[in-house]
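Coordinates as given in coords-v3.cif (mmCIF, C-alpha atoms and all ligand atoms):
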data_model
loop_
_atom_site.label_atom_id
_atom_site.label_comp_id
_atom_site.auth_asym_id
_atom_site.auth_seq_id
_atom_site.Cartn_x
_atom_site.Cartn_y
_atom_site.Cartn_z
CA MET Q 1466 -10.12 24.47 -10.75
CA ILE Q 1467 -10.46 22.36 -13.90
CA TYR Q 1468 -13.49 24.04 -15.45
CA LYS Q 1469 -13.78 21.61 -18.34
CA ASP Q 1470 -14.65 18.74 -15.97
CA LYS Q 1471 -17.30 20.86 -14.29
CA LEU Q 1472 -19.24 21.74 -17.43
CA ILE Q 1473 -22.77 20.39 -17.84
CA LYS Q 1474 -22.60 18.54 -21.15
CA ASP Q 1475 -26.16 19.26 -22.30
CA LYS Q 1476 -25.87 22.97 -21.47
CA ILE Q 1477 -22.94 23.81 -23.72
CA PRO Q 1478 -23.79 26.96 -25.73
CA LYS Q 1479 -24.41 26.18 -29.40
CA HIS Q 1480 -22.91 29.51 -30.40
CA ILE Q 1481 -20.21 31.54 -28.67
CA ALA Q 1482 -19.07 34.92 -29.98
CA ILE Q 1483 -15.81 36.55 -28.91
CA ILE Q 1484 -14.52 40.10 -29.14
CA MET Q 1485 -10.78 39.46 -29.13
CA ASP Q 1486 -9.40 42.61 -27.54
CA GLY Q 1487 -6.14 43.71 -25.96
CA ASN Q 1488 -3.50 42.70 -28.50
CA GLY Q 1489 -1.99 46.18 -28.61
CA ARG Q 1490 -1.80 46.51 -24.82
CA TRP Q 1491 -0.31 43.03 -24.55
CA ALA Q 1492 2.47 44.00 -26.97
CA ALA Q 1493 3.06 47.31 -25.17
CA GLN Q 1494 3.81 45.39 -21.93
CA PHE Q 1495 6.92 44.06 -23.67
CA GLY Q 1496 7.75 47.36 -25.35
CA ASN Q 1497 6.75 45.89 -28.71
CA GLU Q 1498 4.72 47.05 -31.70
CA ARG Q 1499 0.97 46.32 -31.80
CA THR Q 1500 1.46 43.77 -34.58
CA PHE Q 1501 3.50 41.64 -32.14
CA GLY Q 1502 0.30 41.35 -30.08
CA HIS Q 1503 -1.76 40.35 -33.13
CA GLU Q 1504 0.79 37.65 -33.97
CA HIS Q 1505 0.47 36.21 -30.48
CA GLY Q 1506 -3.30 36.55 -30.72
CA VAL Q 1507 -3.22 33.75 -33.27
CA GLU Q 1508 -2.07 31.34 -30.50
CA ALA Q 1509 -5.16 32.25 -28.52
CA VAL Q 1510 -7.35 31.69 -31.60
CA ARG Q 1511 -5.81 28.23 -32.06
CA SER Q 1512 -6.40 27.25 -28.43
CA VAL Q 1513 -9.98 28.52 -28.33
CA VAL Q 1514 -10.95 26.82 -31.61
CA GLU Q 1515 -9.50 23.57 -30.25
CA GLY Q 1516 -11.35 23.96 -26.94
CA ALA Q 1517 -14.68 24.81 -28.57
CA GLY Q 1518 -14.38 21.74 -30.79
CA GLU Q 1519 -13.54 19.48 -27.83
CA ILE Q 1520 -16.73 20.30 -25.94
CA GLY Q 1521 -19.12 20.34 -28.90
CA VAL Q 1522 -19.75 24.05 -29.48
CA GLU Q 1523 -21.44 24.33 -32.90
CA TYR Q 1524 -20.52 27.92 -33.86
CA LEU Q 1525 -17.63 30.08 -32.70
CA THR Q 1526 -17.68 33.62 -34.07
CA LEU Q 1527 -14.51 35.69 -33.72
CA TYR Q 1528 -14.47 39.44 -34.27
CA ALA Q 1529 -11.17 39.58 -36.16
CA PHE Q 1530 -11.50 42.90 -38.05
CA SER Q 1531 -14.23 45.50 -37.75
CA THR Q 1532 -15.38 48.05 -40.31
CA GLU Q 1533 -13.94 50.67 -37.97
CA ASN Q 1534 -10.52 48.91 -37.93
CA TRP Q 1535 -9.94 50.16 -41.51
CA SER Q 1536 -9.10 53.55 -39.99
CA ARG Q 1537 -6.07 52.16 -38.11
CA PRO Q 1538 -2.59 53.03 -39.46
CA LYS Q 1539 -2.04 51.42 -42.87
CA LEU Q 1540 0.97 49.53 -41.55
CA GLU Q 1541 -1.17 47.81 -38.91
CA VAL Q 1542 -4.02 47.06 -41.34
CA ASP Q 1543 -1.56 45.55 -43.82
CA ALA Q 1544 0.05 43.49 -41.07
CA LEU Q 1545 -3.35 42.18 -39.95
CA MET Q 1546 -4.32 41.24 -43.52
CA GLY Q 1547 -0.97 39.50 -43.98
CA LEU Q 1548 -1.43 37.65 -40.70
CA LEU Q 1549 -4.87 36.48 -41.78
CA VAL Q 1550 -3.57 35.06 -45.05
CA GLN Q 1551 -0.63 33.42 -43.26
CA SER Q 1552 -2.80 31.95 -40.49
CA ILE Q 1553 -5.39 30.56 -42.89
CA SER Q 1554 -2.61 28.99 -44.99
CA ASP Q 1555 -0.93 27.50 -41.93
CA GLU Q 1556 -4.03 26.31 -40.09
CA THR Q 1557 -6.38 24.95 -42.76
CA ASP Q 1558 -4.92 21.41 -42.69
CA GLU Q 1559 -5.23 21.30 -38.91
CA LEU Q 1560 -8.82 22.61 -39.13
CA LEU Q 1561 -9.59 19.87 -41.65
CA LYS Q 1562 -8.21 17.21 -39.28
CA SER Q 1563 -10.34 18.66 -36.49
CA ASN Q 1564 -13.46 18.63 -38.72
CA VAL Q 1565 -13.88 22.44 -38.50
CA ARG Q 1566 -15.81 24.37 -41.16
CA LEU Q 1567 -15.07 27.99 -41.97
CA ARG Q 1568 -17.55 30.78 -42.65
CA VAL Q 1569 -17.05 34.53 -42.98
CA ILE Q 1570 -19.40 37.35 -42.08
CA GLY Q 1571 -18.83 40.97 -43.06
CA ASP Q 1572 -18.16 43.01 -46.15
CA VAL Q 1573 -15.89 40.38 -47.72
CA LYS Q 1574 -15.64 42.29 -51.01
CA SER Q 1575 -13.85 45.14 -49.23
CA LEU Q 1576 -10.98 42.81 -48.24
CA PRO Q 1577 -7.80 42.68 -50.35
CA GLN Q 1578 -8.02 40.22 -53.25
CA ASN Q 1579 -5.41 37.84 -51.78
CA VAL Q 1580 -7.35 37.64 -48.50
CA GLN Q 1581 -10.59 36.89 -50.36
CA GLU Q 1582 -8.87 34.19 -52.41
CA LYS Q 1583 -7.30 32.55 -49.36
CA LEU Q 1584 -10.65 32.56 -47.57
CA ASP Q 1585 -12.43 31.03 -50.58
CA TRP Q 1586 -9.73 28.36 -50.81
CA SER Q 1587 -10.04 27.44 -47.11
CA ILE Q 1588 -13.85 27.54 -47.08
CA ALA Q 1589 -13.95 25.17 -50.07
CA LYS Q 1590 -11.38 22.82 -48.50
CA LEU Q 1591 -13.33 22.63 -45.23
CA ASN Q 1592 -16.75 22.48 -46.88
CA ASP Q 1593 -17.50 18.86 -45.94
CA CYS Q 1594 -16.51 19.21 -42.29
CA THR Q 1595 -19.35 18.58 -39.87
CA GLY Q 1596 -17.94 19.68 -36.50
CA LEU Q 1597 -17.47 23.21 -35.20
CA THR Q 1598 -18.18 26.08 -37.60
CA LEU Q 1599 -15.56 28.79 -37.13
CA VAL Q 1600 -17.07 32.11 -38.18
CA LEU Q 1601 -14.63 34.95 -38.83
CA ALA Q 1602 -16.13 38.45 -38.68
CA LEU Q 1603 -14.02 40.41 -41.16
CA SER Q 1604 -14.66 43.98 -42.25
CA TYR Q 1605 -17.77 43.47 -40.17
CA SER Q 1606 -19.97 45.83 -38.25
CA SER Q 1607 -23.45 45.15 -37.05
CA LYS Q 1608 -24.93 48.47 -38.20
CA TRP Q 1609 -23.53 47.81 -41.70
CA GLU Q 1610 -25.04 44.31 -41.68
CA ILE Q 1611 -28.46 45.60 -40.56
CA VAL Q 1612 -28.49 48.39 -43.16
CA GLU Q 1613 -27.58 45.88 -45.89
CA ALA Q 1614 -30.40 43.59 -44.77
CA VAL Q 1615 -32.90 46.47 -44.75
CA LYS Q 1616 -31.84 47.53 -48.26
CA ARG Q 1617 -32.42 44.01 -49.60
CA ILE Q 1618 -35.77 43.72 -47.84
CA ALA Q 1619 -36.84 47.12 -49.24
CA GLU Q 1620 -35.85 45.95 -52.71
CA GLN Q 1621 -38.10 42.89 -52.38
CA VAL Q 1622 -40.99 45.09 -51.24
CA LYS Q 1623 -40.38 47.49 -54.14
CA ILE Q 1624 -40.64 44.76 -56.78
CA GLY Q 1625 -43.74 43.32 -55.16
CA GLN Q 1626 -42.10 40.11 -53.89
CA LEU Q 1627 -42.68 40.90 -50.21
CA GLU Q 1628 -45.55 42.40 -48.22
CA PRO Q 1629 -44.42 44.82 -45.48
CA SER Q 1630 -46.76 42.94 -43.12
CA ALA Q 1631 -44.62 39.79 -43.68
CA ILE Q 1632 -41.54 41.47 -42.17
CA ASN Q 1633 -40.89 39.90 -38.79
CA TYR Q 1634 -37.95 38.76 -36.64
CA ASP Q 1635 -37.52 35.48 -38.55
CA LEU Q 1636 -37.47 37.23 -41.90
CA MET Q 1637 -34.89 39.71 -40.62
CA ASP Q 1638 -32.75 36.81 -39.30
CA GLY Q 1639 -32.70 35.36 -42.79
CA TYR Q 1640 -31.37 38.57 -44.33
CA LEU Q 1641 -28.46 38.93 -41.90
CA ASN Q 1642 -24.97 37.54 -42.57
CA THR Q 1643 -25.61 35.03 -39.79
CA SER Q 1644 -28.63 33.44 -41.50
CA ASN Q 1645 -29.18 29.80 -40.49
CA MET Q 1646 -27.01 30.22 -37.40
CA PRO Q 1647 -28.45 30.22 -33.88
CA ASP Q 1648 -27.98 33.47 -31.95
CA PRO Q 1649 -24.99 33.35 -29.57
CA GLU Q 1650 -25.99 32.32 -26.06
CA LEU Q 1651 -22.68 33.69 -24.79
CA LEU Q 1652 -20.62 36.72 -25.82
CA ILE Q 1653 -17.10 37.06 -24.39
CA ARG Q 1654 -14.92 40.17 -24.51
CA THR Q 1655 -11.34 40.15 -23.33
CA SER Q 1656 -9.14 43.00 -22.04
CA GLY Q 1657 -11.48 44.48 -19.45
CA GLU Q 1658 -13.37 46.75 -21.85
CA CYS Q 1659 -17.10 46.49 -21.25
CA ARG Q 1660 -18.68 47.42 -24.56
CA ILE Q 1661 -20.04 45.72 -27.66
CA SER Q 1662 -18.29 47.76 -30.37
CA ASN Q 1663 -20.85 47.27 -33.15
CA PHE Q 1664 -20.75 43.45 -32.96
CA LEU Q 1665 -23.83 41.28 -33.62
CA LEU Q 1666 -26.21 43.85 -32.12
CA TRP Q 1667 -29.36 42.09 -33.39
CA GLN Q 1668 -28.14 38.58 -32.57
CA ILE Q 1669 -27.08 39.26 -28.95
CA ALA Q 1670 -30.47 40.59 -27.82
CA TYR Q 1671 -30.60 37.82 -25.18
CA SER Q 1672 -26.98 36.68 -25.01
CA GLU Q 1673 -25.16 36.40 -21.71
CA LEU Q 1674 -22.23 38.82 -21.63
CA TYR Q 1675 -18.91 37.83 -20.09
CA PHE Q 1676 -16.09 40.33 -19.65
CA THR Q 1677 -12.63 39.23 -18.56
CA PRO Q 1678 -9.60 41.41 -17.83
CA LYS Q 1679 -7.33 38.93 -19.62
CA LEU Q 1680 -5.74 40.34 -22.75
CA TRP Q 1681 -6.51 38.32 -25.87
CA PRO Q 1682 -2.99 36.87 -26.46
CA ASP Q 1683 -3.13 35.39 -22.92
CA PHE Q 1684 -6.57 33.83 -23.41
CA ARG Q 1685 -6.64 30.03 -23.72
CA LYS Q 1686 -9.22 27.28 -23.91
CA GLU Q 1687 -9.22 26.98 -20.08
CA ASP Q 1688 -10.44 30.60 -20.01
CA LEU Q 1689 -13.15 29.67 -22.50
CA PHE Q 1690 -14.25 26.80 -20.24
CA GLU Q 1691 -14.31 29.17 -17.26
CA ALA Q 1692 -16.56 31.58 -19.19
CA ILE Q 1693 -18.90 28.71 -20.11
CA TYR Q 1694 -18.94 27.54 -16.48
CA ASP Q 1695 -19.95 31.05 -15.44
CA TYR Q 1696 -22.64 31.08 -18.17
CA GLN Q 1697 -24.01 27.72 -17.03
CA ASN Q 1698 -24.50 29.07 -13.53
CA ARG Q 1699 -26.62 32.00 -14.65
CA GLU Q 1700 -30.38 32.06 -14.88
CA ARG Q 1701 -31.56 32.97 -18.38
CA ARG Q 1702 -35.08 34.33 -18.02
CA PHE Q 1703 -35.83 35.83 -21.46
CA GLY Q 1704 -38.13 38.38 -19.81
CA LYS Q 1705 -39.95 35.80 -17.64
CA THR Q 1706 -39.79 35.49 -13.85
CA SER Q 1707 -37.73 32.87 -11.98
CA GLU Q 1708 -40.97 31.25 -10.78
CA GLN Q 1709 -42.24 30.84 -14.33
CA LEU Q 1710 -39.01 29.14 -15.32
CA VAL Q 1711 -39.35 26.59 -12.50
CA SER Q 1712 -42.92 25.69 -13.45
C1 LIG Q 1801 -8.09 43.89 -30.95
O1 LIG Q 1801 -6.99 44.24 -30.15
C2 LIG Q 1801 -7.72 42.88 -31.94
C3 LIG Q 1801 -7.82 43.04 -33.29
C4 LIG Q 1801 -8.32 44.27 -33.91
C5 LIG Q 1801 -7.38 42.00 -34.24
C6 LIG Q 1801 -7.63 40.57 -33.87
C7 LIG Q 1801 -6.77 39.70 -34.68
C8 LIG Q 1801 -6.14 38.58 -34.26
C9 LIG Q 1801 -6.33 38.00 -32.95
C10 LIG Q 1801 -5.17 37.87 -35.15
C11 LIG Q 1801 -5.66 37.22 -36.39
C12 LIG Q 1801 -6.94 36.50 -36.29
C13 LIG Q 1801 -7.23 35.32 -36.85
C14 LIG Q 1801 -8.65 34.86 -36.82
C15 LIG Q 1801 -6.24 34.42 -37.46
P1 LIG Q 1801 -6.49 45.75 -30.16
O2 LIG Q 1801 -5.48 45.88 -31.26
O3 LIG Q 1801 -7.65 46.67 -30.29
O4 LIG Q 1801 -5.80 45.87 -28.76
P2 LIG Q 1801 -5.79 47.14 -27.78
O5 LIG Q 1801 -7.20 47.41 -27.41
O6 LIG Q 1801 -4.95 46.69 -26.63
O7 LIG Q 1801 -5.17 48.28 -28.55
#
Any chance you could put this one into structure tokens?
Amino acid sequence: MIYKDKLIKDKIPKHIAIIMDGNGRWAAQFGNERTFGHEHGVEAVRSVVEGAGEIGVEYLTLYAFSTENWSRPKLEVDALMGLLVQSISDETDELLKSNVRLRVIGDVKSLPQNVQEKLDWSIAKLNDCTGLTLVLALSYSSKWEIVEAVKRIAEQVKIGQLEPSAINYDLMDGYLNTSNMPDPELLIRTSGECRISNFLLWQIAYSELYFTPKLWPDFRKEDLFEAIYDYQNRERRFGKTSEQLVS
């Protein structure tokens, strides 16, 4: 089935988040090192960014490196950082042609200097793009992000700039790394694992979750369209009843 042709144009999610999982297992199938899987994961990233742009998704957030990933073997961490720098170098011109902006969420300052510099360079180059915003979650974890937000809110209260009674959902949204972005309507995780792994915990309160057994390096834009097709055929009730939604 060609899922792209079946999508309802005015029901395309504004924001899709993806937990790209299964690179290591994909590599193991071929008796290769985990980094071989990460390298092939870049092809999936390319395809999905292209697909999201084609159908008018506004934000695509990719979980590329979690806070917890720092505890992987140094060789793998170094390879992932190198791959990031290489991919950003290689892909920025193509992203510019496709009108894609780049944004990063996470503890950017904990990334190696050369990664930070490459990201700054690419973000600046793509600054005037008006199409898809590609959001890379790097050295990111949701609990870290929430704690950071709470610290900054507490600081404002301490210096008398904020009343505790003014703290509400909207204020909290503004203090998160994802400020000014809509919450993801759809969260996809590849590789058959059915967990959230500290990703966007606040923002996915009402997201639709989609789990696929496909390993990330095998995932392509057609798989993205299939996930969106599945999403479009769900009923999103936000705590209401089906009858209320009809009326
Ligand atoms: C999870 O698979 C994947 C990662 C930790 C890294 C994701 C990185 C990429 C796809 C490449 C670079 C990204 C960009 C944006 C250019 P895993 O290693 O946990 O796989 P496993 O569960 O099979 O071990």
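Interatomic distance, CA of Pro1678 (chain Q) to CA of Arg1701 (chain Q): 23.5 Å.
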Open item on the list: Considering only C-alpha atoms and all ligand atoms, can you say which of Q:Ile1473, Q:Ala1602, Q:Ala1589, Q:Val1565 comes closest to ligand LIG 1801 (chain Q)?
Closed with: Q:Ala1602
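Across the structure, CA of Glu1504 (chain Q) and CA of Ile1483 (chain Q) are spaced 17.4 Å apart.
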- [ ] Give as a ChimeraX atom specification the residues surrounding ligand LIG 1801 (chain Q) up to a distance of 6 Å, considering only C-alpha atoms and all ligand atoms.
- [x] /Q:1485-1490,1503,1506-1507,1529-1530,1549,1552
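Within the 8 Å cut-off around Thr1598 (chain Q), using all atoms listed in the file and omitting residues fewer than 2 positions from it on the same chain, the listed residues are Glu1523, Tyr1524, Leu1525, Val1565, Arg1566, Leu1567, Arg1568, Thr1595, Gly1596 and Val1600 of chain Q.
Minimum distance to Ile1661 (chain Q) across Q:Thr1526, Q:Ser1536, Q:Ser1607, Q:Asn1698 (counting all atoms listed in the file) occurs at Q:Ser1607.
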Task: Separation of CA of Ile1669 (chain Q) from CA of Lys1705 (chain Q) in Å - done: 17.5 Å
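For the residues Q:Leu1674, Q:Ala1692, Q:Ala1619, Q:Ile1570, ranking by smallest atom-to-atom distance to Ser1644 (chain Q) using only C-alpha atoms places Q:Ile1570 first.
Closest approach to Val1573 (chain Q) from the set Q:Leu1560, Q:Asn1642, Q:Gln1621, Q:Val1514 is made by Q:Asn1642, with distances taken over all atoms listed in the file.
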Task: Within 12 Å of Thr1500 (chain Q) using only C-alpha atoms, minus same-chain residues under 4 positions, as a ChimeraX atom specification - done: /Q:1487-1493,1496,1504-1507,1537-1548,1682
- [ ] Please provide as a list in words all residues within 7 Å of Gly1657 (chain Q), with the sequence filter that same-chain residues fewer than 5 positions apart are discarded (counting all atoms listed in the file).
- [x] Phe1676, Thr1677, Pro1678 and Lys1679 of chain Q
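Proximity of Q:Leu1641, Q:Glu1559, Q:Gly1521, Q:Glu1610 to Lys1476 (chain Q), computed with all atoms listed in the file, is greatest for Q:Gly1521.
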Open item on the list: Report as a ChimeraX atom specification all protein, DNA and RNA residues lying within 8 Å of Tyr1671 (chain Q), evaluated on all atoms listed in the file, omitting residues in the same chain fewer than 2 positions from it.
Closed with: /Q:1650,1668-1669,1673,1703
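Using all atoms listed in the file, the contacts of region 1627-1639 of chain Q at a cut-off of 9 Å, with sequence neighbours closer than 6 positions omitted, comprise Ile1611, Ala1614, Val1615, Ile1618, Ala1619, Glu1620, Gln1621, Asn1645, Met1646, Trp1667 and Gln1668 of chain Q.
Each of Q:Val1612, Q:Leu1597, Q:Ala1509, Q:Met1466 was checked against Tyr1640 (chain Q) using all atoms listed in the file; the smallest atom-to-atom distance is that of Q:Val1612.
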